[in-house]
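Let me begin by presenting the structure, written as C-alpha cells, before commenting on it.
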Amino acid sequence: MDFYDVIIFSAIMGLSIYGSYPVVLKKDLKEILSKALIAVAVGIMIFLLADVFSDASQILYNGSLYGYGSSPVPDAIFSLSLITGFFMLYIVENRSKSGLTKHRLSFLIALGIGLQNLTEGLVFGSLSAEIGLAGIALVVLIGFIIQNVTEGFPIGSPFIGNTEGKGFFVLAMFLVGGIPTILGGAIGFFYNSRTFDLVFDGLAIGAIFYIIFPMLKGLLSSMTFNSKRVIYAGLFIGFMVGFLVNLI
C-alpha cells in the first residue's frame, strides 16, 4: 500500500467520527435521555483513558522485574508527556476569564481525542508501510473506524439536548478530533518508534485525564434522585461500548 492509500484510509478512519453527528445534534431530546447520552460519553472517555494506557504499558513494563519492571528513560518520557498533555489543556482553559463554557469544554475534549487519534494513525500508518492492508492492519482499520464513530459523543456532549445553533461548531470540533488521525497515518507511514508512541500516548492520557473532571462535574452536579440510576447506567454502558468496540 502506497502513501496516498494510507492517507485515504486514515481519512476514512478519522472522519468516521462524523457518524455520531446525527444523534449528537438530535433536537427535542427529553432531559433524562440527554443525561443518559452524556453519561455514555463520559463512560467512553473513561475507557479511552484505560485503552491508551494499556498501549503505553506494553512499552513501560518491559518485564525486568517479575514481568512488571520498567526503565527510567521510558518512565521519564511518559511522565513528562503526560504532564505536558494535562497542563497544556489547563493553560488553554484558564486563558479565558469566562471560565469553562460549553464551547471551550467541547474544544478541550476534541483536543484530547485528537491526540488519542494521532496515536491510532501512527499505528495504522506504520503497519500499512510494513505489511500493507492485510491481516492485522485491516483489523486495525475496521476497529478504529468503529471506535471513532463513538468518539463524537464526548465532543458533542456539552450540547446534547441544547443544540440550537451549535451545528457548525460541533462539525468543526469533530474535525479537530478526526484530522490528527490522518496526520498520524502520514507520519507513521514514514517513521514510527516505541519512544514516539510513548510521547503521544502520554500527551493523550494527560489531556483525556484533564477533561474527564469537568465532564463528570457537569453530569453529577445535575444528578437528581430520579436520574441517578440513569446516569450510573449510562457511565457503565459507555465504558462497555468502548470495550466491546475495542474487541473488534
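Here's how to read the names in the C-alpha cells: chain A, B, ... by the order shown, residue numbers from 1 in each chain, ligand numbers from 1 in the order shown.
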Within 10 Å of range 195-219 of chain A: each range 24-133 of chain A residue with its shortest pair, only C-alpha atoms, as CSV:
```
residue,atom,partner,partner_atom,distance
A:Lys35,CA,A:Leu219,CA,7.3
A:Ala36,CA,A:Leu219,CA,9.6
A:Ile38,CA,A:Leu219,CA,7.3
A:Ala39,CA,A:Leu219,CA,7.0
A:Ala41,CA,A:Met215,CA,8.9
A:Val42,CA,A:Met215,CA,6.6
A:Gly43,CA,A:Ile212,CA,9.4
A:Met45,CA,A:Ile212,CA,6.9
A:Ile46,CA,A:Ile212,CA,7.3
A:Leu48,CA,A:Ile208,CA,7.9
A:Leu49,CA,A:Ile205,CA,5.8
A:Ala50,CA,A:Ile205,CA,8.5
A:Asp51,CA,A:Ile205,CA,9.4
A:Val52,CA,A:Asp201,CA,6.2
A:Phe53,CA,A:Ile205,CA,7.0
A:Ser54,CA,A:Asp201,CA,9.7
A:Asp55,CA,A:Asp201,CA,7.7
A:Ala56,CA,A:Leu198,CA,5.9
A:Ser57,CA,A:Leu198,CA,9.1
A:Gln58,CA,A:Leu198,CA,9.8
A:Ile59,CA,A:Leu198,CA,7.4
A:Leu60,CA,A:Leu198,CA,8.4
A:Val73,CA,A:Thr195,CA,9.5
A:Pro74,CA,A:Thr195,CA,7.2
A:Asp75,CA,A:Leu198,CA,9.3
A:Ile77,CA,A:Val199,CA,6.5
A:Phe78,CA,A:Gly202,CA,5.2
A:Ser79,CA,A:Gly202,CA,6.9
A:Leu80,CA,A:Gly202,CA,7.7
A:Ser81,CA,A:Gly202,CA,4.7
A:Leu82,CA,A:Gly202,CA,4.2
A:Ile83,CA,A:Gly206,CA,6.1
A:Thr84,CA,A:Leu203,CA,6.4
A:Gly85,CA,A:Leu203,CA,4.2
A:Phe86,CA,A:Gly206,CA,4.2
A:Phe87,CA,A:Gly206,CA,7.9
A:Met88,CA,A:Ala207,CA,7.7
A:Leu89,CA,A:Ala207,CA,6.4
A:Tyr90,CA,A:Tyr210,CA,7.6
A:Leu100,CA,A:Pro214,CA,8.4
A:Leu105,CA,A:Ile211,CA,7.6
A:Ser106,CA,A:Ile211,CA,9.4
A:Leu108,CA,A:Ile211,CA,6.8
A:Ile109,CA,A:Ile211,CA,6.1
A:Ala110,CA,A:Ile208,CA,9.6
A:Leu111,CA,A:Ala207,CA,7.6
A:Gly112,CA,A:Ala207,CA,4.8
A:Ile113,CA,A:Ile208,CA,7.2
A:Gly114,CA,A:Ala204,CA,8.0
A:Leu115,CA,A:Ala204,CA,4.9
A:Gln116,CA,A:Ala204,CA,5.0
A:Asn117,CA,A:Ala204,CA,8.6
A:Leu118,CA,A:Phe200,CA,7.5
A:Thr119,CA,A:Phe200,CA,6.2
A:Glu120,CA,A:Asp197,CA,9.5
A:Leu122,CA,A:Asp197,CA,7.6
A:Val123,CA,A:Asp197,CA,8.4
```
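Compared by their closest atoms to Val6 in chain A, and using only C-alpha atoms, the residues A:Phe174, A:Phe236, A:Phe124, A:Phe159 rank with A:Phe124 nearest.
Proximity ranking of A:Tyr18, A:Phe9, A:Tyr4, A:Tyr232 relative to Gln147 in chain A places A:Tyr18 first, based on only C-alpha atoms.
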Which residue out of A:Pro158, A:Gly167, A:Gly143, A:Gly185 has the minimum interatomic distance to Phe243 in chain A when only C-alpha atoms are used?
A:Gly143
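Proximity to Phe239 in chain A was assessed for A:Thr150, A:Ser20, A:Ser126, A:Asn226 counting only C-alpha atoms; the smallest distance is recorded for A:Thr150.
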Report the residues of range 23-246 of chain A whose backbone DSSP state falls under alpha helix (DSSP H), written as an NGL selection string.
:A and (23-24 or 31-60 or 72-94 or 102-131 or 136-150 or 152-156 or 167-190 or 194-221 or 228-246)
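Put simply, CA of Phe190 in chain A is 24.9 Å away from CA of Ile17 in chain A.
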Name all residues at most 12 Å from Phe168 in chain A (count only C-alpha atoms; drop same-chain ones fewer than 3 positions away) and give them as a ChimeraX atom specification.
/A:21,25,103,156,163-165,171-175
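Counting only C-alpha atoms, the residue from A:Ser34, A:Asn162, A:Ser96, A:Asn148 that sits nearest to Gly234 in chain A is A:Ser34.
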